[in-house]
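To start, the structure under review is shown below, and the notes come after it.
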Amino acid sequence: MKTLLFTLLIVLQAAALEVAVSVVPQQTFVQKIGGDRVHVTVMVPLGSSPHSYEPKSADMKALSKAALYFAVGIEFEEAWLGRFGDANPKMSIIRTDAGIEKMEAHHEAAHDDHDHGTHDPHIWTSPANVRIMAHTIADALIKADEAGAAQYKAGLEAFLREIDATDETIRAALKQTPKGAKFMVFHPAWGYFARDYGLIQLAMEVEGKEPKPKALMQLIETAKKEHIHAIITQKEFSDRSARALADALGIDVRHFSPLHSDWSHNLTQLAQTIAR
Ligand SMILES: [Zn+2]
């Protein structure tokens, strides 16, 4: 019996379509659509910044089994997608940011140093963008594994309903929040979320680094003026300056990572925090 179970397990595992993605929320999306027909490997582990990530040899090994790679348009892919393709020529690389209009990075910085010319890669903080990504993912899964088409289509439909429900919950949470309301974050990861819901994201980070004392003083003034009631940070970055600012104003530091696996819950919680 034990042997039979073990054999069954091996067969089931062998049947799963091997897929690789760059960041954790993409794993959530692929699993929602593919269910047990897919096995997903994530390149950037939780707690690491995808902006400065360097794939390890274990990552390259995992890629040797993958049939599909879902890129999202984050920095490390620029340098590495070519090498991933060379390491596994049979793997199809799918760009899930295709068809998504990118925003300029640091769209509304709270400081003076705007850095222009780069695009905000955090596309998945917008439910509208995730709808587009979901279709791209489902199409690629069906193409790679036609026998699973019915399951992938059902998975897509269910996920699209979840995306709509998430959007409605966010809108309900922000009902009393005036258009153009500002929220302050350490790392500007929520630009698409802000755009979709008529909010303005103020970033503390200056060119990817902690603000210097003078910039921090300016941020404290801005936060006071804009009646900011919480600073949003994520564990991928130091929260030293966020804490200093929060202490100066007697407000809270709240942790929200755009890399959270429970995508829907994370976004609705963020909306509730901003609305409070
Ligand atoms: Zn980021």
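Labels used: A, B, ... for chains in the order of the structure tokens, numbers from 1 for residues in each chain, and numbers from 1 for ligands as shown.
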Q: With only C-alpha atoms and all ligand atoms counted, collect every polymer residue having an atom within 7 Å of ligand 1; state the result as a PyMOL selection string.
A: chain A and resi 49-51+122+187-189
Q. Residues at most 7 Å from Val72 in chain A, counting only C-alpha atoms, excluding those fewer than 6 positions away in the same chain, as a ChimeraX atom specification?
A. /A:22,95-97
Q: Identify, on the basis of only C-alpha atoms, every residue whose closest approach to Pro213 in chain A does not exceed 12 Å; exclude the query and any residue fewer than 3 positions from it along the same chain; express the result as number ranges by chain.
A: A: 204, 206, 210, 216-220, 240-241, 244-245
Per residue of range 44-72 of chain A within 12 Å of range 260-273 of chain A, record the nearest atom pair and its distance in Å to one decimal, counting only C-alpha atoms, with rows in chain order and ascending residue number, as a Markdown table.
| residue | atom | partner | partner_atom | distance |
| --- | --- | --- | --- | --- |
| A:Val44 | CA | A:His260 | CA | 12.0 |
| A:Pro45 | CA | A:His260 | CA | 10.7 |
| A:Leu46 | CA | A:His260 | CA | 7.8 |
| A:Gly47 | CA | A:His260 | CA | 9.7 |
| A:Ser48 | CA | A:His260 | CA | 11.8 |
Q. Could you work out how far CA of Ile132 in chain A lies from CA of Gly99 in chain A, giving the answer in Å with one decimal?
A.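 Between CA of Gly99 in chain A and CA of Ile132 in chain A the gap works out to 7.3 Å.
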Q: Could you pull out the residues in range 159-229 of chain A that DSSP calls alpha helix (DSSP H) from the backbone, as a VMD selection string?
A: chain A and resid 159 to 173 191 to 196 213 to 225
Q. If you measure from CA of Leu259 in chain A to CA of Glu236 in chain A, what distance in Å do you get, rounded to one decimal?
A.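 CA of Glu236 in chain A lies 9.2 Å from CA of Leu259 in chain A.
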Q. Separation of CA of Ala223 in chain A and CA of Ile170 in chain A, in Å?
A.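 If I compute the distance from CA of Ala223 in chain A to CA of Ile170 in chain A, I get 23.4 Å.
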Q: Quick one: everything within 9 Å of range 76-87 of chain A, counting only C-alpha atoms, minus sequence neighbours fewer than 4 positions away in the same chain. Send it as an MDAnalysis selection string.
A: chainID A and resid 22 50:55 60:61 63:64 69 71:72 91:93
**Q.** Nearest candidate to Thr28 in chain A (options A:Glu104, A:Ala58, A:Lys143, A:Phe159; using only C-alpha atoms)
**A.**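 Counting only C-alpha atoms, the residue closest to Thr28 in chain A is A:Phe159.
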Q | DSSP strand (DSSP E or B) residues within range 17-105 of chain A, as a ChimeraX atom specification | A | /A:17-21,38-42,68-71,92-95,104
Keeping N, CA and C atoms, export the residues of the selection given above as a short mmCIF file (atom, residue, chain, number, x, y, z; two decimals), in the first residue's frame.
data_model
loop_
_atom_site.label_atom_id
_atom_site.label_comp_id
_atom_site.auth_asym_id
_atom_site.auth_seq_id
_atom_site.Cartn_x
_atom_site.Cartn_y
_atom_site.Cartn_z
N LEU A 17 2.62 20.46 -14.65
CA LEU A 17 3.35 21.31 -15.58
C LEU A 17 4.30 22.20 -14.77
N GLU A 18 5.59 22.13 -15.10
CA GLU A 18 6.58 22.92 -14.35
C GLU A 18 6.63 24.35 -14.88
N VAL A 19 6.41 25.29 -13.96
CA VAL A 19 6.32 26.69 -14.32
C VAL A 19 7.22 27.49 -13.38
N ALA A 20 7.89 28.49 -13.91
CA ALA A 20 8.69 29.38 -13.05
C ALA A 20 8.19 30.82 -13.20
N VAL A 21 8.27 31.57 -12.10
CA VAL A 21 7.83 32.97 -12.09
C VAL A 21 8.89 33.80 -11.35
N VAL A 38 -0.33 22.46 -12.13
CA VAL A 38 0.93 23.20 -12.27
C VAL A 38 1.77 23.09 -10.99
N HIS A 39 3.07 23.15 -11.17
CA HIS A 39 3.98 23.28 -10.03
C HIS A 39 4.81 24.53 -10.29
N VAL A 40 4.76 25.47 -9.33
CA VAL A 40 5.36 26.79 -9.57
C VAL A 40 6.61 27.00 -8.73
N THR A 41 7.68 27.43 -9.37
CA THR A 41 8.91 27.81 -8.70
C THR A 41 9.05 29.33 -8.77
N VAL A 42 9.35 29.97 -7.61
CA VAL A 42 9.50 31.42 -7.56
C VAL A 42 10.99 31.77 -7.50
N LEU A 68 7.58 26.65 -18.76
CA LEU A 68 7.19 28.05 -18.97
C LEU A 68 7.87 28.94 -17.94
N TYR A 69 8.23 30.14 -18.37
CA TYR A 69 8.68 31.17 -17.42
C TYR A 69 7.79 32.39 -17.61
N PHE A 70 7.12 32.79 -16.53
CA PHE A 70 6.29 33.99 -16.59
C PHE A 70 7.10 35.18 -16.07
N ALA A 71 7.54 36.03 -16.99
CA ALA A 71 8.26 37.25 -16.60
C ALA A 71 7.23 38.31 -16.22
N SER A 92 9.46 28.19 -22.66
CA SER A 92 8.88 29.38 -23.28
C SER A 92 8.86 30.51 -22.26
N ILE A 93 9.32 31.68 -22.67
CA ILE A 93 9.29 32.84 -21.78
C ILE A 93 8.09 33.72 -22.17
N ILE A 94 7.18 33.89 -21.21
CA ILE A 94 5.94 34.65 -21.44
C ILE A 94 6.03 35.96 -20.67
N ARG A 95 5.78 37.06 -21.32
CA ARG A 95 5.82 38.36 -20.63
C ARG A 95 4.42 38.73 -20.16
N GLU A 104 5.38 55.82 -14.98
CA GLU A 104 6.74 56.24 -14.66
C GLU A 104 7.00 55.90 -13.19
#
**Q.** All residues 12 Å or closer to Phe186 in chain A, only C-alpha atoms, same chain fewer than 3 positions away omitted, as a VMD selection string
**A.** chain A and resid 106 109 to 111 183 189 to 190 201 to 211 216 219 230 to 246 253 to 257
Q | From A:Ile251, A:Ile74, A:Ile200, A:Ala134, residue lying nearest Ile33 in chain A [only C-alpha atoms] | A |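 Among the listed residues, A:Ala134 lies closest to Ile33 in chain A.
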**Q.** Of the listed residues A:Val30, A:Asp59, A:Gly250, A:Gly180, that which approaches Asp139 in chain A most closely, counting only C-alpha atoms
**A.**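 Of A:Val30, A:Asp59, A:Gly250, A:Gly180, the one nearest Asp139 in chain A is A:Val30, counting only C-alpha atoms.
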Q: Write out as a ChimeraX atom specification which residues come within 10 Å of Lys182 in chain A when counting only C-alpha atoms, dropping same-chain ones fewer than 3 positions away.
A: /A:108,177-179,185,194,198-202,223,226-228,274
Q. Of the residues A:Ala138, A:Ala172, A:Leu5, A:Met103, which is the one nearest to Pro121 in chain A, using only C-alpha atoms?
A.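 Of A:Ala138, A:Ala172, A:Leu5, A:Met103, the one nearest Pro121 in chain A, counting only C-alpha atoms, is A:Met103.
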Q) Restricting the calculation to only C-alpha atoms, which member of A:Lys214, A:Met43, A:Ala181, A:Arg161 is positioned closest to Lys56 in chain A? A)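 The shortest atom-to-atom distance to Lys56 in chain A comes from A:Met43.
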